[in-house]
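Asker: Below is the file start-v2.txt, which contains compact mmCIF, C-alpha atoms.
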# COMPACT_ATOMS: atom_id res chain seq x y z
CA MET A 20 127.40 38.46 -15.20
CA ALA A 21 123.68 37.76 -15.74
CA PHE A 22 121.34 39.24 -13.12
CA GLY A 23 120.19 35.78 -12.03
CA SER A 24 123.76 34.64 -11.47
CA PHE A 25 124.50 37.85 -9.59
CA ILE A 26 121.59 37.28 -7.21
CA LYS A 27 122.53 33.60 -6.79
CA PHE A 28 126.05 34.66 -5.75
CA PHE A 29 124.68 36.57 -2.76
CA MET A 30 122.13 33.98 -1.69
CA PRO A 31 123.12 31.88 1.34
CA LYS A 32 123.99 28.31 0.45
CA ASP A 33 121.92 26.87 3.28
CA ARG A 34 121.89 23.40 1.82
CA VAL A 35 125.67 23.34 1.61
CA PHE A 36 126.30 24.24 5.25
CA TYR A 37 123.47 22.19 6.69
CA SER A 38 124.36 19.16 4.59
CA LEU A 39 127.98 19.37 5.68
CA PHE A 40 127.05 19.64 9.36
CA GLU A 41 124.73 16.66 8.95
CA GLU A 42 127.54 14.73 7.27
CA VAL A 43 129.81 15.46 10.24
CA THR A 44 127.32 14.29 12.86
CA GLY A 45 126.55 11.22 10.76
CA ASN A 46 130.26 10.49 10.79
CA LEU A 47 130.36 11.00 14.55
CA MET A 48 127.47 8.54 14.94
CA GLN A 49 129.56 5.92 13.15
CA MET A 50 132.53 6.66 15.39
CA GLY A 51 130.42 6.33 18.52
CA ASP A 52 128.91 3.04 17.38
CA ILE A 53 132.28 1.55 16.41
CA PHE A 54 133.86 2.65 19.67
CA VAL A 55 131.14 0.97 21.74
CA ALA A 56 131.25 -2.18 19.60
CA ALA A 57 135.04 -2.35 19.88
CA LEU A 58 134.86 -2.30 23.66
CA ASP A 59 132.51 -5.29 23.55
CA GLU A 60 134.87 -7.25 21.29
CA LYS A 61 136.72 -9.91 23.28
CA ASP A 62 139.30 -10.69 20.61
CA ILE A 63 142.09 -8.15 21.17
CA ASP A 64 143.29 -8.19 17.55
CA LYS A 65 139.77 -7.60 16.22
CA ARG A 66 139.23 -4.86 18.81
CA THR A 67 142.44 -3.15 17.73
CA GLN A 68 141.36 -3.30 14.09
CA MET A 69 137.98 -1.79 14.96
CA LEU A 70 139.56 1.00 16.99
CA LYS A 71 141.93 1.82 14.15
CA MET A 72 138.91 2.25 11.87
CA LEU A 73 138.24 5.38 13.85
CA GLU A 74 141.36 6.97 12.41
CA ASP A 75 139.89 6.83 8.88
CA LEU A 76 136.65 8.33 10.13
CA GLU A 77 138.56 11.07 11.97
CA HIS A 78 140.42 11.90 8.73
CA LYS A 79 137.10 11.90 6.88
CA ASN A 80 135.77 14.34 9.44
CA ASP A 81 138.81 16.57 8.91
CA GLU A 82 138.04 16.68 5.20
CA VAL A 83 134.44 17.74 5.78
CA THR A 84 135.60 20.35 8.30
CA HIS A 85 137.97 21.75 5.68
CA ARG A 86 135.12 21.92 3.17
CA ILE A 87 133.02 23.88 5.66
CA PHE A 88 135.81 26.40 6.15
CA ILE A 89 136.21 26.73 2.38
CA GLU A 90 132.48 27.43 2.03
CA LEU A 91 132.68 29.89 4.90
CA GLY A 92 135.46 31.78 3.17
CA SER A 93 133.80 31.82 -0.23
CA ASN A 94 130.21 32.76 0.70
CA PHE A 95 129.28 36.38 1.32
CA ILE A 96 126.01 35.47 3.05
CA THR A 97 125.69 32.53 5.44
CA PRO A 98 122.62 30.92 7.07
CA PHE A 99 123.74 32.18 10.49
CA ASP A 100 126.65 34.08 12.03
CA ARG A 101 130.05 33.19 10.67
CA GLU A 102 131.37 33.01 14.23
CA ASP A 103 128.71 30.41 15.11
CA ILE A 104 129.50 28.37 12.02
CA HIS A 105 133.18 28.42 12.91
CA ALA A 106 132.51 27.53 16.56
CA LEU A 107 130.14 24.69 15.70
CA THR A 108 132.52 23.29 13.08
CA THR A 109 135.45 23.41 15.48
CA SER A 110 133.58 21.77 18.36
CA LEU A 111 132.30 18.96 16.12
CA ASP A 112 135.79 18.37 14.80
CA ASP A 113 137.11 18.26 18.37
CA ILE A 114 134.66 15.48 19.24
CA ALA A 115 136.09 13.30 16.46
CA ASP A 116 139.65 14.16 17.49
CA TYR A 117 139.13 13.15 21.11
CA ILE A 118 137.25 9.95 20.28
CA TRP A 119 140.19 8.92 18.13
CA GLY A 120 142.52 10.08 20.88
CA SER A 121 140.74 7.78 23.32
CA ALA A 122 140.98 4.87 20.90
CA LYS A 123 144.71 5.48 20.45
CA ARG A 124 145.25 5.37 24.18
CA LEU A 125 143.50 2.02 24.43
CA THR A 126 145.76 0.55 21.76
CA ASN A 127 149.02 2.39 22.47
CA TYR A 128 148.83 1.72 26.20
CA TYR A 129 147.86 -1.94 25.61
CA ILE A 130 144.78 -1.57 27.79
CA HIS A 131 143.18 -4.95 27.14
CA ASP A 132 140.98 -5.10 30.21
CA VAL A 133 138.17 -2.66 29.47
CA ASP A 134 136.73 -1.65 32.83
CA ASP A 135 133.26 -0.41 33.73
CA THR A 136 134.41 3.22 33.75
CA VAL A 137 135.45 3.11 30.10
CA ARG A 138 132.16 1.43 29.16
CA LEU A 139 130.16 4.05 31.06
CA PHE A 140 132.01 6.83 29.29
CA ALA A 141 131.45 5.18 25.91
CA ASP A 142 127.72 4.90 26.59
CA VAL A 143 127.48 8.56 27.62
CA ILE A 144 129.47 9.65 24.56
CA GLN A 145 127.24 7.64 22.25
CA ARG A 146 124.10 9.17 23.76
CA CYS A 147 125.60 12.66 23.48
CA ILE A 148 126.34 12.13 19.79
CA VAL A 149 122.83 10.81 19.10
CA ALA A 150 121.32 13.87 20.79
CA LEU A 151 123.68 16.17 18.92
CA ASN A 152 122.72 14.57 15.62
CA THR A 153 119.06 15.14 16.50
CA ALA A 154 119.73 18.84 17.11
CA ILE A 155 121.81 19.31 13.96
CA MET A 156 119.27 17.55 11.73
CA ARG A 157 116.59 19.99 12.91
CA LEU A 158 118.68 23.12 12.43
CA ARG A 159 117.94 23.14 8.70
CA ASP A 160 114.37 24.42 9.08
CA MET A 161 114.16 25.12 12.84
CA LYS A 162 110.54 23.99 12.86
CA ASP A 163 110.90 21.80 15.94
CA LEU A 164 112.67 24.08 18.40
CA ARG A 165 111.54 21.97 21.35
CA ALA A 166 113.35 18.93 19.97
CA ILE A 167 116.52 20.96 19.47
CA THR A 168 116.33 22.43 22.95
CA ASP A 169 115.59 19.05 24.55
CA ALA A 170 118.58 17.53 22.76
CA CYS A 171 120.88 20.30 23.99
CA VAL A 172 119.57 20.00 27.55
CA LEU A 173 120.13 16.24 27.42
CA ILE A 174 123.73 16.75 26.29
CA ASN A 175 124.35 19.15 29.18
CA SER A 176 122.89 16.59 31.58
CA LEU A 177 125.03 13.81 30.09
CA GLU A 178 128.15 15.96 30.43
CA ASN A 179 127.36 16.33 34.12
CA GLU A 180 126.95 12.57 34.32
CA ALA A 181 130.37 12.17 32.72
CA ASP A 182 131.85 14.51 35.33
CA ASP A 183 130.44 12.27 38.06
CA ILE A 184 131.83 9.16 36.36
CA PHE A 185 135.23 10.80 36.14
CA ASP A 186 135.25 11.94 39.78
CA GLU A 187 134.28 8.51 41.06
CA ALA A 188 136.81 6.81 38.79
CA MET A 189 139.60 9.05 40.00
CA SER A 190 138.70 8.38 43.62
CA LYS A 191 138.76 4.61 43.12
CA LEU A 192 141.87 4.72 40.98
CA PHE A 193 143.96 6.52 43.57
CA ALA A 194 142.51 4.45 46.39
CA TYR A 195 142.96 0.97 44.92
CA CYS A 196 145.45 1.08 42.04
CA SER A 197 148.89 0.20 43.41
CA ASP A 198 150.65 0.06 40.02
CA PRO A 199 151.81 3.64 39.20
CA ILE A 200 152.14 2.94 35.46
CA GLU A 201 148.65 1.49 35.29
CA LEU A 202 147.36 4.48 37.23
CA ILE A 203 148.93 6.95 34.80
CA LYS A 204 147.57 5.11 31.76
CA LYS A 205 144.02 4.87 33.07
CA LYS A 206 144.00 8.43 34.37
CA ASP A 207 145.03 9.72 30.94
CA LEU A 208 142.39 7.59 29.21
CA TYR A 209 139.62 8.70 31.57
CA GLN A 210 140.56 12.35 31.05
CA GLU A 211 140.47 11.96 27.28
CA LEU A 212 137.05 10.33 27.40
CA GLU A 213 135.69 13.03 29.69
CA ILE A 214 136.91 15.71 27.28
CA VAL A 215 134.81 14.13 24.51
CA THR A 216 131.68 14.95 26.52
CA ASP A 217 132.98 18.48 27.15
CA LYS A 218 133.27 18.99 23.40
CA CYS A 219 129.75 17.63 22.87
CA GLU A 220 128.51 20.20 25.39
CA ASP A 221 130.45 22.94 23.56
CA ALA A 222 128.68 22.01 20.32
CA ALA A 223 125.30 21.95 22.07
CA ASN A 224 125.95 25.41 23.51
CA VAL A 225 126.64 26.76 20.02
CA VAL A 226 123.42 25.20 18.72
CA GLU A 227 121.48 26.82 21.55
CA SER A 228 123.07 30.16 20.72
CA ILE A 229 122.01 29.79 17.08
CA ILE A 230 118.38 29.03 17.82
CA ILE A 231 118.16 31.91 20.31
CA LYS A 232 119.38 34.31 17.61
CA TYR A 233 117.45 33.02 14.65
CA ALA A 234 114.37 31.12 15.81
Starting from the file, lay out its structure as structure tokens.

Answerer:
Amino acid sequence: MAFGSFIKFFMPKDRVFYSLFEEVTGNLMQMGDIFVAALDEKDIDKRTQMLKMLEDLEHKNDEVTHRIFIELGSNFITPFDREDIHALTTSLDDIADYIWGSAKRLTNYYIHDVDDTVRLFADVIQRCIVALNTAIMRLRDMKDLRAITDACVLINSLENEADDIFDEAMSKLFAYCSDPIELIKKKDLYQELEIVTDKCEDAANVVESIIIKYA
């Protein structure tokens, strides 16, 4: 092996990892946008088609996640701790999984009447993803630590907002919903949507851990 190739083998493939993370958050941005747009669609058949588009994006995200794990297993040196790469990858993948899980509940439970609670959750999720994308895009050079920190703080705040939305929704649901089947369906959907924001916060916490260690 030539000396140059030997040195290249041990150099961290920063561009590979950062590019893959950016691809994931870009994919999540699409999922968030489609989810919000689907909720605004009045035609039930068109809404169902839009929600099912999220399955393809979730599978695409799985493929990128797999590529990250392959890179993690094949690179001796990484841009930051292997544990952080694994944790960030997993949390980002979870976001896609739970968005798709929420979409499946809307279609499988035949929830045609999208209430204000679902719309509020969708808005919070979309804002979380935008903030997360901002943080991930700036991880590559870490030159704007304030922007990364602000994005993570915003996500934490939005997760708290989602908790409040969930608590209020549960209170109203048990107080006013007399149909037990409808109650079970909506409760499950609300829980799934709230978990999306939890996973966004998990990802933000990993990003904060990374910048504390390496900035």

Asker: Hey, could you make a per-residue contact list for segment 129-206 of chain A against segment 89-106 of chain A with 12 Å as the cut-off, showing the nearest pair of atoms and its distance in Å to one decimal, counting all atoms listed in the file, sorted by chain and number, as a tab-separated table?

Answerer:
residue	atom	partner	partner_atom	distance
A:Leu158	CA	A:Pro98	CA	10.3
A:Arg159	CA	A:Pro98	CA	9.2
A:Asp160	CA	A:Pro98	CA	10.7
A:Met161	CA	A:Pro98	CA	11.8

Asker: Using all atoms listed in the file, can you tell me which of A:Ile155, A:Ile118, A:Leu125, A:Leu70 comes closest to Glu42 of chain A?

Answerer: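 Result for the nearest residue to Glu42 of chain A: A:Ile155.
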
Asker: Find the distance between atom CA of Arg124 of chain A and atom CA of Gln210 of chain A and write it in Å to one decimal.

Answerer: 10.9 Å

Asker: Please list, as a PyMOL selection string, the residues that have an atom at most 12 Å away from (119.5, 24.5, 15.8) in the coordinates of this file, counting all atoms listed in the file.

Answerer: chain A and resi 37+40-41+98-99+103-104+107+150-171+222-234

Asker: Of the candidates A:Ala194, A:Ile184, A:Cys147, A:Leu212, which one gets nearest to Met48 of chain A if we count all atoms listed in the file?

Answerer: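 Closest to Met48 of chain A, using all atoms listed in the file: A:Cys147.
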
Asker: Rounded to one decimal in Å, what is the spacing between atom CA of Gln68 of chain A and atom CA of Ala188 of chain A?

Answerer: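 Atom CA of Ala188 of chain A lies at a distance of 27.1 Å from atom CA of Gln68 of chain A.
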
Asker: Separation of atom CA of Lys191 of chain A and atom CA of Thr136 of chain A, in Å?

Answerer: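 Separation between atom CA of Lys191 of chain A and atom CA of Thr136 of chain A: 10.4 Å.
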
Asker: For each of A:Glu82, A:Asp217, A:Asp142, A:Asp112, take the minimum atom-to-atom distance to Glu178 of chain A, counting only C-alpha atoms, then give the residue where this is smallest.

Answerer: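 Residue with the minimum atom-to-atom distance to Glu178 of chain A: A:Asp217.
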
Asker: My list of candidates is A:Leu58, A:Val143, A:Val149, A:Ile63. Which is closest to Ala122 of chain A when distances are computed with all atoms listed in the file?

Answerer: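 When distances to Ala122 of chain A are compared using all atoms listed in the file, the smallest one comes from A:Leu58.
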
Asker: Find the spatial neighbours of Glu213 of chain A, counting all atoms listed in the file, within a cut-off of 8 Å - ignore same-chain residues fewer than 4 positions away - and output them as a PyMOL selection string.

Answerer: chain A and resi 140+181-182+185+209+217

Asker: Determine, counting all atoms listed in the file, which protein, DNA and RNA residues have an atom within 10 Å of an atom of Leu76 of chain A; residues of the same chain fewer than 2 positions away are not included. Present the result as a VMD selection string.

Answerer: chain A and resid 43 46 to 47 49 to 50 71 to 74 78 to 82 115 to 116 119

Asker: Find the residues around segment 128-131 of chain A up to 12 Å (only C-alpha atoms counted), leave out those fewer than 6 positions away in its own chain, and share them as a PyMOL selection string.

Answerer: chain A and resi 57-67+120-122+137+200-208

Asker: Restrict the selected residues to C-alpha atoms and save them as a PDB file, in the frame of the given file.

Answerer:
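result.pdb, written as the output of this step:
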ATOM      1  CA  ALA A  57     135.040  -2.350  19.880  1.00  0.00           C
ATOM      2  CA  LEU A  58     134.860  -2.300  23.660  1.00  0.00           C
ATOM      3  CA  ASP A  59     132.510  -5.290  23.550  1.00  0.00           C
ATOM      4  CA  GLU A  60     134.870  -7.250  21.290  1.00  0.00           C
ATOM      5  CA  LYS A  61     136.720  -9.910  23.280  1.00  0.00           C
ATOM      6  CA  ASP A  62     139.300 -10.690  20.610  1.00  0.00           C
ATOM      7  CA  ILE A  63     142.090  -8.150  21.170  1.00  0.00           C
ATOM      8  CA  ASP A  64     143.290  -8.190  17.550  1.00  0.00           C
ATOM      9  CA  LYS A  65     139.770  -7.600  16.220  1.00  0.00           C
ATOM     10  CA  ARG A  66     139.230  -4.860  18.810  1.00  0.00           C
ATOM     11  CA  THR A  67     142.440  -3.150  17.730  1.00  0.00           C
ATOM     12  CA  GLY A 120     142.520  10.080  20.880  1.00  0.00           C
ATOM     13  CA  SER A 121     140.740   7.780  23.320  1.00  0.00           C
ATOM     14  CA  ALA A 122     140.980   4.870  20.900  1.00  0.00           C
ATOM     15  CA  VAL A 137     135.450   3.110  30.100  1.00  0.00           C
ATOM     16  CA  ILE A 200     152.140   2.940  35.460  1.00  0.00           C
ATOM     17  CA  GLU A 201     148.650   1.490  35.290  1.00  0.00           C
ATOM     18  CA  LEU A 202     147.360   4.480  37.230  1.00  0.00           C
ATOM     19  CA  ILE A 203     148.930   6.950  34.800  1.00  0.00           C
ATOM     20  CA  LYS A 204     147.570   5.110  31.760  1.00  0.00           C
ATOM     21  CA  LYS A 205     144.020   4.870  33.070  1.00  0.00           C
ATOM     22  CA  LYS A 206     144.000   8.430  34.370  1.00  0.00           C
ATOM     23  CA  ASP A 207     145.030   9.720  30.940  1.00  0.00           C
ATOM     24  CA  LEU A 208     142.390   7.590  29.210  1.00  0.00           C
TER      25      LEU A 208
END

Asker: Of the residues A:Ser197, A:Ser176, A:Gln145, A:Thr108, which is the one nearest to Ile87 of chain A, using all atoms listed in the file?

Answerer: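 Going through A:Ser197, A:Ser176, A:Gln145, A:Thr108 one by one, the smallest distance to Ile87 of chain A is for A:Thr108.
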
Asker: Box along x, y and z, 6 Å on every side, all listed atoms of segment 49-58 of chain A inside: centre and edge lengths in Å to one decimal, as JSON.

Answerer:
{"center_x": 132.0, "center_y": 2.2, "center_z": 18.4, "size_x": 18.1, "size_y": 21.0, "size_z": 22.5}

Asker: Need the shell around Tyr117 of chain A: protein/DNA/RNA residues with any atom at most 8 Å away, counting all atoms listed in the file. Skip same-chain ones fewer than 6 positions apart. Format as a list in words?

Answerer: Glu211, Leu212, Ile214 and Val215 of chain A

Asker: For each of A:Asp132, A:Ser110, A:Pro199, A:Glu187, take the minimum atom-to-atom distance to Thr216 of chain A, counting only C-alpha atoms, then give the residue where this is smallest.

Answerer: A:Ser110
